[in-house]
Every structure is written in structure tokens, then in C-alpha cells.
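The next block is work09.cif, given as mmCIF, C-alpha atoms (C1' of nucleotides).
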```cif
data_my_file
loop_
_atom_site.label_atom_id
_atom_site.label_comp_id
_atom_site.auth_asym_id
_atom_site.auth_seq_id
_atom_site.Cartn_x
_atom_site.Cartn_y
_atom_site.Cartn_z
CA MET A 21 97.45 48.13 67.31
CA ALA A 22 96.25 49.51 63.98
CA GLU A 23 93.87 51.69 65.99
CA GLY A 24 96.68 53.20 68.01
CA ASN A 25 98.62 54.12 64.88
CA ARG A 26 95.64 55.80 63.27
CA GLU A 27 94.94 57.93 66.31
CA SER A 28 98.48 59.16 66.73
CA GLN A 29 99.05 59.98 63.08
CA GLU A 30 95.85 61.57 61.87
CA GLN A 31 95.34 65.24 62.61
CA SER A 32 91.94 66.28 61.30
CA ASP A 33 88.98 66.79 63.62
CA GLU A 34 87.03 63.87 62.30
CA SER A 35 89.87 61.56 63.25
CA LEU A 36 89.62 62.45 66.93
CA SER A 37 88.78 59.29 68.76
CA GLN A 38 85.36 58.96 70.24
CA GLU A 39 87.00 58.93 73.63
CA GLU A 40 88.71 62.27 72.95
CA GLN A 41 85.41 63.76 71.83
CA GLU A 42 83.72 62.54 74.98
CA ILE A 43 86.45 64.05 77.14
CA ARG A 44 86.02 67.41 75.44
CA ALA A 45 82.26 67.28 75.83
CA ARG A 46 82.62 66.45 79.51
CA TRP A 47 85.15 69.21 80.02
CA GLU A 48 82.92 71.74 78.28
CA ARG A 49 80.00 70.79 80.50
CA GLU A 50 82.21 71.16 83.55
CA GLN A 51 83.38 74.61 82.45
CA ASN A 52 79.81 75.70 81.87
CA GLN A 53 78.68 74.45 85.26
CA LEU A 54 81.49 76.14 87.16
CA LYS A 55 80.91 79.28 85.11
CA SER A 56 77.56 79.78 86.83
CA LYS A 57 79.49 80.44 90.05
CA LEU A 58 81.78 83.03 88.52
CA ILE A 59 81.82 86.50 90.09
CA GLU A 60 83.11 89.26 87.83
CA TYR A 61 83.06 92.27 90.14
CA ASP A 62 84.97 93.58 93.15
CA THR A 63 84.00 91.81 96.35
CA GLU A 64 86.65 93.19 98.73
CA ASP A 65 87.08 96.67 100.14
CA TRP A 66 90.77 96.94 99.25
CA GLN A 67 90.01 96.39 95.57
CA GLU A 68 88.31 99.75 95.19
CA ASP A 69 90.70 101.70 97.38
CA ALA A 70 92.91 104.13 95.43
CA SER A 71 96.08 102.66 96.93
CA PHE A 72 94.78 99.17 97.69
CA ALA A 73 94.86 99.90 101.41
CA GLY A 74 94.13 96.65 103.23
CA LEU A 75 95.91 94.51 100.65
CA GLN A 76 98.86 92.73 102.25
CA ARG A 77 99.40 89.46 100.40
CA ILE A 78 99.37 88.58 96.69
CA GLY A 79 99.80 85.02 95.47
CA GLY A 80 101.30 83.78 92.22
CA VAL A 81 101.09 80.30 90.70
CA ASP A 82 102.88 78.58 87.86
CA LEU A 83 103.85 75.18 86.49
CA SER A 84 107.21 74.45 84.88
CA TYR A 85 107.84 71.42 82.72
CA ILE A 86 110.69 69.08 81.93
CA LYS A 87 111.67 68.76 78.30
CA GLY A 88 110.61 65.51 76.76
CA ASP A 89 108.37 64.58 79.67
CA ASP A 90 104.75 65.55 79.34
CA SER A 91 103.54 64.06 82.59
CA THR A 92 105.91 65.57 85.15
CA ALA A 93 106.00 69.18 86.26
CA CYS A 94 106.80 71.44 89.16
CA ALA A 95 103.83 73.33 90.57
CA SER A 96 104.60 76.40 92.61
CA LEU A 97 102.66 78.80 94.79
CA VAL A 98 104.33 81.89 96.18
CA VAL A 99 102.92 84.64 98.38
CA LEU A 100 104.36 88.14 98.22
CA SER A 101 103.83 91.08 100.53
CA TYR A 102 102.11 94.18 99.23
CA PRO A 103 103.28 96.79 98.43
CA ASP A 104 106.87 95.66 99.03
CA LEU A 105 106.63 92.52 96.88
CA GLU A 106 108.86 90.48 99.17
CA VAL A 107 108.45 86.70 99.13
CA LEU A 108 106.68 85.55 102.31
CA TYR A 109 105.99 81.96 101.32
CA GLU A 110 107.12 79.47 98.70
CA ASP A 111 105.89 76.00 97.88
CA CYS A 112 107.37 74.03 94.97
CA ARG A 113 106.40 70.43 94.46
CA MET A 114 106.89 67.86 91.73
CA VAL A 115 103.55 66.64 90.40
CA SER A 116 102.36 63.97 87.99
CA LEU A 117 99.98 65.27 85.34
CA THR A 118 97.32 63.06 83.88
CA ALA A 119 95.53 65.32 81.38
CA PRO A 120 97.19 66.45 78.15
CA TYR A 121 97.41 70.10 77.19
CA VAL A 122 94.45 70.89 74.95
CA ALA A 123 94.01 74.47 73.80
CA GLY A 124 90.99 75.91 75.57
CA PHE A 125 91.25 73.39 78.41
CA LEU A 126 94.48 74.36 80.15
CA ALA A 127 92.80 74.22 83.56
CA PHE A 128 92.17 70.51 83.29
CA ARG A 129 95.91 69.96 83.04
CA GLU A 130 97.11 72.42 85.66
CA VAL A 131 94.43 73.39 88.14
CA HIS A 132 94.36 70.27 90.32
CA SER A 133 97.97 70.74 91.46
CA LEU A 134 97.32 74.40 92.15
CA VAL A 135 94.24 73.76 94.26
CA GLU A 136 96.30 71.29 96.29
CA ALA A 137 98.97 73.90 96.84
CA VAL A 138 96.36 76.34 98.14
CA GLU A 139 94.91 73.68 100.44
CA THR A 140 98.37 72.89 101.78
CA LEU A 141 98.86 76.54 102.63
CA GLN A 142 95.46 76.63 104.30
CA ASP A 143 96.54 73.72 106.53
CA LYS A 144 100.10 74.87 107.10
CA ASP A 145 99.67 78.59 107.71
CA PRO A 146 96.27 80.12 106.93
CA SER A 147 97.51 83.54 108.06
CA LEU A 148 99.59 83.61 104.86
CA MET A 149 96.62 82.92 102.57
CA PRO A 150 96.85 85.41 99.68
CA GLN A 151 93.99 87.91 99.22
CA VAL A 152 94.27 87.59 95.45
CA LEU A 153 95.91 85.04 93.17
CA LEU A 154 97.67 85.88 89.90
CA VAL A 155 97.40 83.08 87.38
CA ASP A 156 99.55 82.40 84.32
CA GLY A 157 96.90 82.21 81.58
CA ASN A 158 93.52 83.72 80.79
CA GLY A 159 90.38 84.39 82.79
CA VAL A 160 87.21 85.29 80.92
CA LEU A 161 89.29 86.01 77.80
CA HIS A 162 88.56 82.51 76.63
CA HIS A 163 86.59 80.53 74.03
CA ARG A 164 83.82 79.79 76.49
CA GLY A 165 84.53 82.66 78.88
CA PHE A 166 86.10 80.39 81.47
CA GLY A 167 89.87 80.14 81.38
CA VAL A 168 92.19 78.68 84.00
CA ALA A 169 92.11 81.82 86.17
CA CYS A 170 88.31 81.56 86.47
CA HIS A 171 88.52 77.84 87.08
CA LEU A 172 91.02 78.21 89.92
CA GLY A 173 89.07 81.15 91.34
CA VAL A 174 85.78 79.28 91.52
CA LEU A 175 87.41 76.14 92.97
CA THR A 176 89.31 78.04 95.69
CA GLY A 177 86.91 80.92 96.26
CA LEU A 178 89.84 83.34 96.03
CA PRO A 179 89.86 86.51 93.91
CA CYS A 180 91.90 85.67 90.80
CA ILE A 181 93.35 87.53 87.82
CA GLY A 182 94.42 85.96 84.53
CA ILE A 183 97.63 87.22 82.93
CA ALA A 184 98.57 85.81 79.53
CA LYS A 185 101.77 86.59 77.67
CA ASN A 186 100.15 86.01 74.29
CA LEU A 187 96.80 87.04 72.88
CA LEU A 188 94.31 84.22 72.68
CA GLN A 189 92.52 84.98 69.43
CA VAL A 190 88.92 84.40 70.38
CA SER A 191 85.63 85.80 69.08
CA GLY A 192 86.92 88.47 66.78
CA LEU A 193 90.16 89.28 68.58
CA GLU A 194 93.11 89.05 66.23
CA ASN A 195 96.79 89.77 66.51
CA ASP A 196 96.52 91.65 63.24
CA GLU A 197 98.04 94.89 61.99
CA LEU A 198 95.46 96.98 63.85
CA HIS A 199 96.28 95.20 67.09
CA LYS A 200 100.00 95.73 66.52
CA GLU A 201 99.36 99.40 65.87
CA GLN A 202 97.41 99.69 69.12
CA ILE A 203 100.40 98.12 70.89
CA ARG A 204 102.78 100.64 69.34
CA SER A 205 100.49 103.42 70.57
CA LEU A 206 100.99 102.46 74.23
CA GLN A 207 103.18 105.15 75.75
CA MET A 208 104.01 104.70 79.41
CA GLY A 209 103.83 101.81 81.84
CA GLY A 210 100.18 101.45 82.87
CA ASP A 211 98.79 102.38 79.46
CA SER A 212 96.28 99.89 78.12
CA PHE A 213 93.57 99.30 75.56
CA PRO A 214 90.46 97.14 75.74
CA LEU A 215 90.07 93.78 74.01
CA VAL A 216 86.57 93.85 72.60
CA GLU A 217 84.95 90.73 71.23
CA SER A 218 82.65 90.78 68.24
CA SER A 219 79.55 91.13 70.44
CA GLY A 220 80.96 94.33 71.90
CA ARG A 221 81.81 92.93 75.32
CA VAL A 222 85.21 93.82 76.77
CA LEU A 223 86.98 90.55 77.56
CA GLY A 224 90.22 91.98 78.86
CA MET A 225 92.89 94.63 78.49
CA ALA A 226 96.27 94.71 76.79
CA LEU A 227 98.55 96.38 79.34
CA LYS A 228 102.02 97.86 78.99
CA SER A 229 102.95 96.51 82.39
CA CYS A 230 106.22 98.34 82.89
CA GLU A 231 108.03 101.24 81.29
CA LYS A 232 110.57 99.16 79.37
CA SER A 233 108.41 96.45 77.84
CA THR A 234 107.42 96.60 74.19
CA LYS A 235 105.04 93.67 74.34
CA PRO A 236 101.94 93.97 76.53
CA VAL A 237 100.46 91.40 78.89
CA TYR A 238 96.84 90.37 78.46
CA VAL A 239 94.84 90.85 81.64
CA SER A 240 91.38 89.40 82.22
CA VAL A 241 89.04 88.81 85.13
CA GLY A 242 89.49 85.51 86.90
CA HIS A 243 87.10 85.72 89.85
CA LYS A 244 85.80 88.19 92.44
CA MET A 245 87.46 91.23 90.90
CA SER A 246 86.54 93.82 88.28
CA LEU A 247 88.65 94.28 85.17
CA GLU A 248 89.45 97.88 86.14
CA SER A 249 90.79 96.88 89.56
CA ALA A 250 92.65 93.94 88.07
CA VAL A 251 94.51 96.06 85.52
CA ARG A 252 95.38 98.67 88.12
CA LEU A 253 96.72 96.00 90.49
CA ILE A 254 98.76 94.23 87.84
CA HIS A 255 100.49 97.46 86.96
CA CYS A 256 101.29 97.95 90.65
CA CYS A 257 103.05 94.60 90.96
CA CYS A 258 105.27 94.73 87.89
CA LYS A 259 108.98 95.36 88.38
CA TYR A 260 109.40 93.80 84.94
CA ARG A 261 106.97 92.77 82.23
CA VAL A 262 105.63 89.73 84.10
CA PRO A 263 103.94 90.57 87.43
CA GLU A 264 106.32 89.80 90.30
CA PRO A 265 104.23 87.07 91.98
CA ILE A 266 104.02 85.05 88.75
CA ARG A 267 107.62 85.80 87.90
CA GLN A 268 108.77 84.50 91.29
CA ALA A 269 106.60 81.40 90.97
CA ASP A 270 108.15 80.79 87.56
CA ILE A 271 111.75 81.36 88.65
CA ARG A 272 111.38 79.19 91.72
CA SER A 273 109.60 76.31 89.99
CA ARG A 274 112.35 76.17 87.36
CA ALA A 275 115.02 76.23 90.03
CA HIS A 276 113.25 73.40 91.82
CA ILE A 277 113.31 71.29 88.65
CA ARG A 278 117.03 71.90 88.20
CA GLN A 279 117.53 70.85 91.80
CA ASN A 280 115.67 67.58 91.35
CA PHE A 281 116.91 66.85 87.83
CA PRO A 282 120.48 68.22 87.71
CA HIS A 283 121.18 66.25 84.55
CA LEU A 284 118.89 68.56 82.62
CA SER A 285 120.93 71.68 83.20
"C1'" DG B 10 100.09 74.30 52.24
"C1'" DC B 11 99.70 77.71 56.18
"C1'" DG B 12 98.35 79.85 60.30
"C1'" DA B 13 96.39 79.17 65.10
"C1'" DC B 14 96.64 76.70 69.27
"C1'" DA B 15 96.68 80.51 77.05
"C1'" DG B 16 100.53 76.86 79.18
"C1'" DA C 7 105.66 74.70 78.26
"C1'" DT C 8 110.41 73.39 75.81
"C1'" DC C 9 114.22 73.18 72.06
"C1'" DT C 10 118.75 77.40 72.83
"C1'" DT C 11 124.12 81.50 73.14
"C1'" DG C 12 125.59 85.04 72.26
"C1'" DT C 13 124.88 89.52 71.44
"C1'" DC C 14 123.33 94.23 70.73
"C1'" DG C 15 121.83 98.15 73.48
"C1'" DC C 16 120.96 101.16 77.57
#
```

Would you mind writing the file's structure down as C-alpha cells?
Amino acid sequence: MAEGNRESQEQSDESLSQEEQEIRARWEREQNQLKSKLIEYDTEDWQEDASFAGLQRIGGVDLSYIKGDDSTACASLVVLSYPDLEVLYEDCRMVSLTAPYVAGFLAFREVHSLVEAVETLQDKDPSLMPQVLLVDGNGVLHHRGFGVACHLGVLTGLPCIGIAKNLLQVSGLENDELHKEQIRSLQMGGDSFPLVESSGRVLGMALKSCEKSTKPVYVSVGHKMSLESAVRLIHCCCKYRVPEPIRQADIRSRAHIRQNFPHLS
DNA sequence: GCGACAG
DNA sequence: ATCTTGTCGC
């Protein structure tokens, strides 16, 4: 019992239990193994077309949580038509989460439920399978170059794009005064600037996703799509700041929680 | 002590 | 992620 108290109260790295350290080491190995299967360029014809001709379905995924409960969530997968952005398919399900949220390892908490949702769609109605999946979180803009959008992409084989609402400050990227000035310099919807890590590699783009938004979204490659195509597509599916497929997944997963837990609203 | 820390 | 209402502005 003394052990349990120590673990929950101490915060410094050296106090991490041996078990926690082993989990992280295992997760890092898993990220590195899956990373060898990552494809960071356009693989589909529609991706390089000027108007995305041939693109008909875009998927969005999200998880919503219940306050005060860290093991229950609603996972949702929606499929929207392109270019009309009408909802063609919706799947919201309550799920039990086993892994905690650890910065840098979001996929280990969320990706299992999302893969299941994709498999359900494959069984139920494969003709509605999205041609690209928009993921709430980062792709290669990540400590080890393998965020949740890459993870889901490699596991499903689907082209994926990571969209984060906040800058993950990795390898030289900082939300400092220079970054804020670059944000202020964005003029019209579609304007963007590259996020360059210390080595010089471009990890993603900050994008003013719609005309009215002050704060950009952070776009990075998930799987089977180039950064250029990804940024162009994200701009094309934003009615508001958050791309419509993710926004619909978010709205609908929250509504589903209110439906199942009315006492929380 | 303070900032960071995708969701 | 969530805690949280109204309010100022177009």
C-alpha cells in the first residue's frame, strides 16, 4: 500500500514505476516498427488532381470523453461526401479504454477503438469506405515522427491526415513570438506556413483553414498522402476552423454521450 | 516555482 | 479531453 501512494504522488521522472518505464519502452518499439511501413507520398490518382476528381468519400474520427471518467469514451467514425460534405454514414459507440493518456502516445489510448470502427464499416457496407481519413491529432509532427494519424493509417492501410488544434512543440518548434507573428501574417483562408524542425525537415504546415479563423490548424502527413495534397484537401473541407469530417465526428460523439448519460447534461 | 504535455 | 455562461461583435 505504501508503494501505491508513492507512485500516485511523486511526479519526477525517476519516480516512474518500473512498469511504467517498460510500457513506454514497449510503446516506443511498437511505434518504431510500424513507422517502417509509413508511406509519406501520394498513392492515389485523385490526390494530385487539381480538383480532387475521383474523390467521393472523406472519413473523420474522434473520441469524446465523460468528465470524471477516464476509462469510458464515445468513439465515432463518420463518412462525408466530397465535395458536398454531406454525412453519408455515422457510427458512434461507447468504448472502454484501458491505456492512460500519455503525451506522445495518444494512439495507444485511442487507435484500437478507431480500427474497430473501420472494420465494422468494412463488414457493414464496404462501398462507404472512405478514401481518406482525417484524424484529430498529429501525423509525422511528433516526437518520434509517428503520431496517431500515422498509427491509424498504417493499421488500416487508409490514406490519413493529422489535424491538431494546438502546436506540439517538438524538435525546435515553439509557440513563441516568432510563431505568433507568422500566424498574424496569414491573410486569407488557405494561407499557410511550414513547420520546420531543427534538422531542416518540414514536419507539417500551420493552415488558416477558413476565412474567419484567427488560430490555425496544424496539418501533418498521416499515411499515403503528401503534405502538399493534405493541406490543399483540408482547406477544401473546412466550413469552419475544424475540417467538417472531424467536426461532425466530434459533434455526433458528444451527442451520443448526452444520449447515453443524460445526467451529465 | 513555472511552463509543456496532440487528445 | 473536461471543468463552464454569458457576452461582445459581425

| said: Distance cut-off 7 Å, counting all atoms listed in the file - which residues of chain A neighbour chain C? Return them as an MDAnalysis selection string. | reply: chainID A and resid 84:85 87

| field | Matched chain/residue IDs from the PyMOL selection byres ((chain B) within 7 of (chain A)), as a PyMOL selection string | value | chain B and resi 14-16

| Interatomic distance between CA of Val237 (chain A) and CA of Pro103 (chain A)? |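 These two atoms are separated by 20.5 Å.
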
| Option closest in space to Val98 (chain A), from A:Ala250, A:Ile266, A:Leu206, A:Met114 [counting all atoms listed in the file] |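 Checking each candidate against Val98 (chain A), we get A:Ile266 as the closest.
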
| task | Given the file shown, enumerate the residues that the PyMOL selection byres ((chain A and resi 202) around 12) captures and present them as number ranges by chain. | result | A: 194-201, 203-207, 211-215, 225-228, 234-236

Size and centre in Å, one decimal, axis-aligned box, all listed chain B atoms plus 5 Å per side, as JSON:
```
{"center_x": 98.5, "center_y": 77.4, "center_z": 65.7, "size_x": 14.1, "size_y": 16.2, "size_z": 36.9}
```

Completion step: region 163-174 of chain A with all heavy atoms as a CSV table (one decimal), in the coordinates of the input:
```csv
chain,number,residue,atom,x,y,z
A,163,HIS,N,87.6,81.0,75.0
A,163,HIS,CA,86.6,80.5,74.0
A,163,HIS,C,85.2,80.4,74.6
A,163,HIS,O,84.2,80.7,74.0
A,163,HIS,CB,87.0,79.2,73.5
A,163,HIS,CG,88.3,79.2,72.8
A,163,HIS,ND1,89.5,79.1,73.5
A,163,HIS,CD2,88.7,79.2,71.5
A,163,HIS,CE1,90.5,79.1,72.6
A,163,HIS,NE2,90.0,79.2,71.4
A,164,ARG,N,85.1,79.9,75.8
A,164,ARG,CA,83.8,79.8,76.5
A,164,ARG,C,83.7,80.7,77.7
A,164,ARG,O,82.9,80.4,78.6
A,164,ARG,CB,83.6,78.3,76.9
A,164,ARG,CG,83.3,77.4,75.7
A,164,ARG,CD,83.4,75.9,76.0
A,164,ARG,NE,84.8,75.6,76.4
A,164,ARG,CZ,85.8,75.4,75.5
A,164,ARG,NH1,85.6,75.6,74.2
A,164,ARG,NH2,87.0,75.1,76.0
A,165,GLY,N,84.6,81.7,77.8
A,165,GLY,CA,84.5,82.7,78.9
A,165,GLY,C,84.9,82.1,80.2
A,165,GLY,O,84.5,82.6,81.3
A,166,PHE,N,85.7,81.0,80.2
A,166,PHE,CA,86.1,80.4,81.5
A,166,PHE,C,87.5,79.8,81.4
A,166,PHE,O,87.6,78.5,81.3
A,166,PHE,CB,85.0,79.3,81.8
A,166,PHE,CG,85.0,79.0,83.3
A,166,PHE,CD1,84.5,79.8,84.3
A,166,PHE,CD2,85.6,77.8,83.7
A,166,PHE,CE1,84.5,79.5,85.6
A,166,PHE,CE2,85.6,77.4,85.1
A,166,PHE,CZ,85.1,78.3,86.0
A,167,GLY,N,88.5,80.6,81.4
A,167,GLY,CA,89.9,80.1,81.4
A,167,GLY,C,90.4,79.7,82.7
A,167,GLY,O,89.6,79.7,83.7
A,168,VAL,N,91.6,79.3,82.8
A,168,VAL,CA,92.2,78.7,84.0
A,168,VAL,C,92.1,79.6,85.2
A,168,VAL,O,91.9,79.1,86.4
A,168,VAL,CB,93.7,78.2,83.7
A,168,VAL,CG1,94.6,79.4,83.4
A,168,VAL,CG2,94.2,77.5,84.9
A,169,ALA,N,92.2,80.9,85.0
A,169,ALA,CA,92.1,81.8,86.2
A,169,ALA,C,90.7,81.8,86.8
A,169,ALA,O,90.6,82.0,88.0
A,169,ALA,CB,92.5,83.2,85.8
A,170,CYS,N,89.7,81.7,86.0
A,170,CYS,CA,88.3,81.6,86.5
A,170,CYS,C,88.1,80.2,87.2
A,170,CYS,O,87.5,80.1,88.3
A,170,CYS,CB,87.3,81.6,85.3
A,170,CYS,SG,87.4,83.1,84.3
A,171,HIS,N,88.7,79.2,86.6
A,171,HIS,CA,88.5,77.8,87.1
A,171,HIS,C,89.1,77.7,88.5
A,171,HIS,O,88.5,77.2,89.4
A,171,HIS,CB,89.2,76.9,86.1
A,171,HIS,CG,88.7,75.5,86.1
A,171,HIS,ND1,88.3,74.8,85.0
A,171,HIS,CD2,88.6,74.6,87.2
A,171,HIS,CE1,87.9,73.6,85.4
A,171,HIS,NE2,88.1,73.4,86.7
A,172,LEU,N,90.4,78.3,88.6
A,172,LEU,CA,91.0,78.2,89.9
A,172,LEU,C,90.3,79.1,90.9
A,172,LEU,O,90.2,78.8,92.1
A,172,LEU,CB,92.5,78.6,89.8
A,172,LEU,CG,93.4,78.5,91.0
A,172,LEU,CD1,93.4,77.1,91.5
A,172,LEU,CD2,94.8,79.0,90.7
A,173,GLY,N,89.8,80.2,90.5
A,173,GLY,CA,89.1,81.2,91.3
A,173,GLY,C,87.8,80.5,91.9
A,173,GLY,O,87.6,80.6,93.1
A,174,VAL,N,87.0,79.9,91.1
A,174,VAL,CA,85.8,79.3,91.5
A,174,VAL,C,86.1,78.1,92.5
A,174,VAL,O,85.4,77.9,93.5
A,174,VAL,CB,84.9,78.8,90.3
A,174,VAL,CG1,83.8,77.9,90.8
A,174,VAL,CG2,84.4,80.0,89.6
```
